[in-house]
Amino acid sequence: MKLYGEANPAPNPRRVRMFIAEKGLDLPEIRLALRKGEHKSPEHRARNSLGQVPTLELEDGTMISESVAICRYLEALHPQPPLFGATALEQAQIDMWTRRIEFQLMTPIAMFWRHAHPLTAAPLLTQHTDFGESNKPVVARAMLWLDRELADGRGFIAGETYSIADIVALTTIDFAGFIGLEIPAEAEHLKAWRDRLGPAERRGLTILCPSFQTSHRPWPGRRLMERRPTASPPR
Ligand SMILES: N[C@@H](CCC(=O)N[C@@H](CS)C(=O)NCC(=O)O)C(=O)O
C-alpha cells in the first residue's frame, strides 16, 4: 500500500498520517506538490478523478480517496485502538461529530480558502472574494458553537474517547489557523481541547486516551445530553 499526500498544513493528508501514527503502521507517502499542480496531472487524475489528495493505492492497484474513507479502511484492517468507536452508540456519535466538523467547520473554511485567500491551493480557480470573506464569521460562529458543546466537560470531540472526530477537528482547526482563521479568544473550551491533544499529536500516540490503555469506556454523553440543553446551532 502507498499513500499519495502532501505535507502539512494540508489538512486531509494530515488526517491519514495522524491515523496511521495512532495505529502504529508504517506506510510510505508520496508527496504531490499542490502548489505546482502535481495533483492535477493525468497520472494523479487516473488515481483520483477529482485530482485531490490523499489517495491510498492498494497492492492490486485499487485506489481509495477521501481521508475518512481511507481511515475507515485502515481501521477495518487494524481495529486496535478503535478510532471509529467500539459500540454501536460510540460509532454513531463519532460519525455524527465527524460529519458535523466536515459540514459546519471544514466547508466554510474551505470556501474562505478557495475564494478569499491569496495563497489558495487552487490558483486556477476563479475567486469570488466577497463570498470567500463572508465565510469568516461563519467559521467563527462554528468554532464558538463547538466551544459551547465542549463546555459539557467531555474529554474529546465525540465523548470520552479519542477518535477520528478529534483527528478531523484538529487538522481542520489547525489549517484554519494557518490561513488566519484563529480560534476566537473566548472559546476557552475549544482551546483547552486543542492543548490537550498537543502531546498525543506530537508523539502520534493515543497516550491521552484512557480507552487505549485500559478497556474501552462507553461514552457518558447520553447522560450528559439528557441533562443539558443542546447548544444553539452555529448559524
Ligand atoms: N473530502 C476530501 C478532500 C480532499 C481535499 O480537498 N484535499 C486537498 C488537499 S488538503 C486537495 O487535494 N485540494 C486540491 C483540490 O481540491 O483541487 C478528503 O477528505 O480527502
# chains A, B, ... in the order shown; residues from 1 in each chain; ligands from 1
>>> residues_around(residues="Phe112 (chain A)", least_positions_apart="5", cutoff="12 Å", atoms="only C-alpha atoms", output="list in words")
Leu105, Met106, Thr107, His117, Pro118, Leu119, Thr120, Ala121, Gln127, His128, Thr129, Asp130, Phe131, Gly132, Glu133, Ser134, Asn135, Lys136, Pro137, Val138, Val139, Ala140, Phe175, Ala176, Ile179, Gly180 and Leu181 of chain A
>>> residues_around(residues="Gly5 (chain A)", least_positions_apart="5", cutoff="6 Å", atoms="only C-alpha atoms", output="VMD selection string")
chain A and resid 13 31 53 to 54
>>> write_last_selection(atoms="C-alpha atoms", output="PDB file, in the first residue's frame")
ATOM      1  CA  PRO A  13      -3.471  14.043   4.059  1.00  0.00           C
ATOM      2  CA  ARG A  31       4.075  13.809  -1.650  1.00  0.00           C
ATOM      3  CA  VAL A  53      -5.057  14.118  -2.064  1.00  0.00           C
ATOM      4  CA  PRO A  54      -4.993  11.892  -0.093  1.00  0.00           C
TER       5      PRO A  54
END
>>> residues_near_ligand(ligand="ligand 1", cutoff="9 Å", atoms="only C-alpha atoms and all ligand atoms", output="PyMOL selection string")
chain A and resi 5-6+8-16+34+37+39-40+50-55+65-70+102+110+121-122+125+168
>>> residues_around(residues="region 184-201 of chain A", least_positions_apart="4", cutoff="10 Å", atoms="only C-alpha atoms", output="ChimeraX atom specification")
/A:18,21-22,139-141,143-157,162,166-167,169-170,173-174,205-209
>>> write_last_selection(atoms="N, CA and C atoms", output="compact mmCIF listing (two decimals), in the first residue's frame")
# COMPACT_ATOMS: atom_id res chain seq x y z
N MET A 18 -1.93 11.15 10.74
CA MET A 18 -2.18 11.03 12.19
C MET A 18 -2.81 9.68 12.50
N ALA A 21 -0.25 6.95 12.38
CA ALA A 21 0.61 7.01 13.57
C ALA A 21 -0.12 6.39 14.77
N GLU A 22 -1.41 6.70 14.92
CA GLU A 22 -2.18 6.13 16.04
C GLU A 22 -2.20 4.61 15.96
N VAL A 139 -17.22 30.73 10.09
CA VAL A 139 -16.21 29.88 10.75
C VAL A 139 -16.15 30.23 12.24
N ALA A 140 -16.11 31.52 12.55
CA ALA A 140 -16.02 31.93 13.97
C ALA A 140 -17.24 31.42 14.74
N ARG A 141 -18.42 31.52 14.12
CA ARG A 141 -19.64 31.04 14.80
C ARG A 141 -19.60 29.53 15.01
N MET A 143 -16.91 27.71 15.38
CA MET A 143 -15.95 27.43 16.45
C MET A 143 -16.56 27.72 17.82
N LEU A 144 -17.33 28.78 17.89
CA LEU A 144 -17.98 29.11 19.18
C LEU A 144 -19.06 28.08 19.53
N TRP A 145 -19.74 27.58 18.52
CA TRP A 145 -20.72 26.50 18.74
C TRP A 145 -20.01 25.25 19.28
N LEU A 146 -18.87 24.91 18.66
CA LEU A 146 -18.11 23.73 19.13
C LEU A 146 -17.62 23.96 20.56
N ASP A 147 -17.22 25.19 20.84
CA ASP A 147 -16.78 25.54 22.20
C ASP A 147 -17.92 25.32 23.20
N ARG A 148 -19.11 25.74 22.86
CA ARG A 148 -20.27 25.54 23.77
C ARG A 148 -20.54 24.06 23.96
N GLU A 149 -20.39 23.28 22.92
CA GLU A 149 -20.57 21.83 23.04
C GLU A 149 -19.54 21.25 24.01
N LEU A 150 -18.27 21.66 23.85
CA LEU A 150 -17.20 21.11 24.70
C LEU A 150 -17.31 21.59 26.14
N ALA A 151 -18.13 22.60 26.37
CA ALA A 151 -18.30 23.12 27.75
C ALA A 151 -18.96 22.09 28.66
N ASP A 152 -19.49 21.00 28.10
CA ASP A 152 -20.11 19.98 28.97
C ASP A 152 -19.07 19.12 29.67
N GLY A 153 -17.80 19.37 29.40
CA GLY A 153 -16.74 18.70 30.16
C GLY A 153 -16.24 17.41 29.54
N ARG A 154 -16.74 17.06 28.36
CA ARG A 154 -16.24 15.83 27.71
C ARG A 154 -14.76 15.98 27.39
N GLY A 155 -14.04 14.87 27.33
CA GLY A 155 -12.60 14.94 27.07
C GLY A 155 -12.28 15.17 25.61
N PHE A 156 -13.12 14.63 24.74
CA PHE A 156 -12.81 14.66 23.31
C PHE A 156 -14.05 15.08 22.52
N ILE A 157 -13.89 15.27 21.24
CA ILE A 157 -14.99 15.81 20.42
C ILE A 157 -16.25 14.95 20.52
N TYR A 162 -10.78 9.34 22.48
CA TYR A 162 -10.10 9.96 21.33
C TYR A 162 -10.51 9.21 20.08
N ASP A 166 -11.71 13.65 16.52
CA ASP A 166 -10.68 14.57 17.02
C ASP A 166 -9.64 14.85 15.94
N ILE A 167 -9.29 13.80 15.21
CA ILE A 167 -8.29 13.97 14.14
C ILE A 167 -8.82 14.92 13.08
N ALA A 169 -11.19 17.18 13.46
CA ALA A 169 -11.34 18.53 14.02
C ALA A 169 -9.98 19.22 14.17
N LEU A 170 -8.99 18.48 14.65
CA LEU A 170 -7.68 19.10 14.88
C LEU A 170 -7.02 19.56 13.58
N ILE A 173 -8.97 22.65 12.34
CA ILE A 173 -8.77 23.87 13.12
C ILE A 173 -7.34 24.39 12.95
N ASP A 174 -6.38 23.48 12.87
CA ASP A 174 -5.00 23.93 12.64
C ASP A 174 -4.86 24.57 11.25
N LEU A 205 0.67 9.15 19.33
CA LEU A 205 0.15 8.07 20.17
C LEU A 205 -1.09 8.55 20.90
N THR A 206 -1.99 7.62 21.18
CA THR A 206 -3.20 7.99 21.92
C THR A 206 -2.95 7.88 23.42
N ILE A 207 -1.85 8.45 23.87
CA ILE A 207 -1.50 8.38 25.28
C ILE A 207 -2.59 9.00 26.15
N LEU A 208 -3.25 10.02 25.61
CA LEU A 208 -4.30 10.68 26.39
C LEU A 208 -5.55 9.84 26.52
N CYS A 209 -5.67 8.88 25.63
CA CYS A 209 -6.95 8.19 25.52
C CYS A 209 -7.03 7.06 26.52
>>> closest_residue(among="A:Arg47, A:Ala142, A:Ser163, A:Trp97", to="Ile183 (chain A)", atoms="only C-alpha atoms")
A:Ala142
>>> closest_atom_pairs(of="region 153-196 of chain A", to="region 80-95 of chain A", cutoff="6 Å", atoms="only C-alpha atoms", output="JSON lines")
{"residue": "A:Ala158", "atom": "CA", "partner": "A:Ile94", "partner_atom": "CA", "distance": 5.3}
{"residue": "A:Ser163", "atom": "CA", "partner": "A:Leu83", "partner_atom": "CA", "distance": 4.3}
{"residue": "A:Ile164", "atom": "CA", "partner": "A:Leu83", "partner_atom": "CA", "distance": 5.4}
{"residue": "A:Ala165", "atom": "CA", "partner": "A:Ile94", "partner_atom": "CA", "distance": 5.9}
>>> select_by_dssp(residues="region 61-221 of chain A", states="helix (DSSP H, G or I)", output="PyMOL selection string")
chain A and resi 67-77+88-116+129-150+164-178+188-203+210-213+221
>>> select_by_dssp(residues="region 7-179 of chain A", states="strand (DSSP E or B)", output="list in words")
Glu29, Ile30, Arg31, Thr55, Leu56, Glu57, Met63, Ile64, Ser65, Phe156 and Gly159 of chain A
>>> write_last_selection(atoms="N, CA and C atoms", output="PDB file, in the first residue's frame")
ATOM      1  N   GLU A  29       4.545   7.443   2.042  1.00  0.00           N
ATOM      2  CA  GLU A  29       3.728   8.525   1.472  1.00  0.00           C
ATOM      3  C   GLU A  29       4.494   9.205   0.351  1.00  0.00           C
ATOM      4  N   ILE A  30       3.845   9.316  -0.779  1.00  0.00           N
ATOM      5  CA  ILE A  30       4.426  10.052  -1.906  1.00  0.00           C
ATOM      6  C   ILE A  30       3.782  11.423  -1.889  1.00  0.00           C
ATOM      7  N   ARG A  31       4.623  12.446  -1.750  1.00  0.00           N
ATOM      8  CA  ARG A  31       4.075  13.809  -1.650  1.00  0.00           C
ATOM      9  C   ARG A  31       3.909  14.411  -3.036  1.00  0.00           C
ATOM     10  N   THR A  55      -4.891   9.963  -1.513  1.00  0.00           N
ATOM     11  CA  THR A  55      -5.392   8.755  -2.185  1.00  0.00           C
ATOM     12  C   THR A  55      -4.500   7.597  -1.733  1.00  0.00           C
ATOM     13  N   LEU A  56      -5.144   6.492  -1.411  1.00  0.00           N
ATOM     14  CA  LEU A  56      -4.413   5.298  -0.987  1.00  0.00           C
ATOM     15  C   LEU A  56      -4.439   4.299  -2.134  1.00  0.00           C
ATOM     16  N   GLU A  57      -3.234   3.806  -2.503  1.00  0.00           N
ATOM     17  CA  GLU A  57      -3.148   2.787  -3.555  1.00  0.00           C
ATOM     18  C   GLU A  57      -2.905   1.440  -2.905  1.00  0.00           C
ATOM     19  N   MET A  63      -7.686   2.033  -5.900  1.00  0.00           N
ATOM     20  CA  MET A  63      -7.464   3.343  -5.258  1.00  0.00           C
ATOM     21  C   MET A  63      -8.609   3.673  -4.316  1.00  0.00           C
ATOM     22  N   ILE A  64      -8.263   4.218  -3.159  1.00  0.00           N
ATOM     23  CA  ILE A  64      -9.285   4.737  -2.240  1.00  0.00           C
ATOM     24  C   ILE A  64      -8.954   6.199  -1.973  1.00  0.00           C
ATOM     25  N   SER A  65      -9.926   7.080  -2.236  1.00  0.00           N
ATOM     26  CA  SER A  65      -9.759   8.504  -1.906  1.00  0.00           C
ATOM     27  C   SER A  65     -10.752   8.872  -0.816  1.00  0.00           C
ATOM     28  N   PHE A 156     -13.122  14.632  24.742  1.00  0.00           N
ATOM     29  CA  PHE A 156     -12.813  14.663  23.313  1.00  0.00           C
ATOM     30  C   PHE A 156     -14.050  15.078  22.524  1.00  0.00           C
ATOM     31  N   GLY A 159     -16.877  12.539  22.847  1.00  0.00           N
ATOM     32  CA  GLY A 159     -17.140  11.956  24.166  1.00  0.00           C
ATOM     33  C   GLY A 159     -15.856  11.783  24.963  1.00  0.00           C
TER      34      GLY A 159
END
>>> atom_distance(atom1="CA of Lys23 (chain A)", atom2="CA of Glu182 (chain A)")
29.5 Å
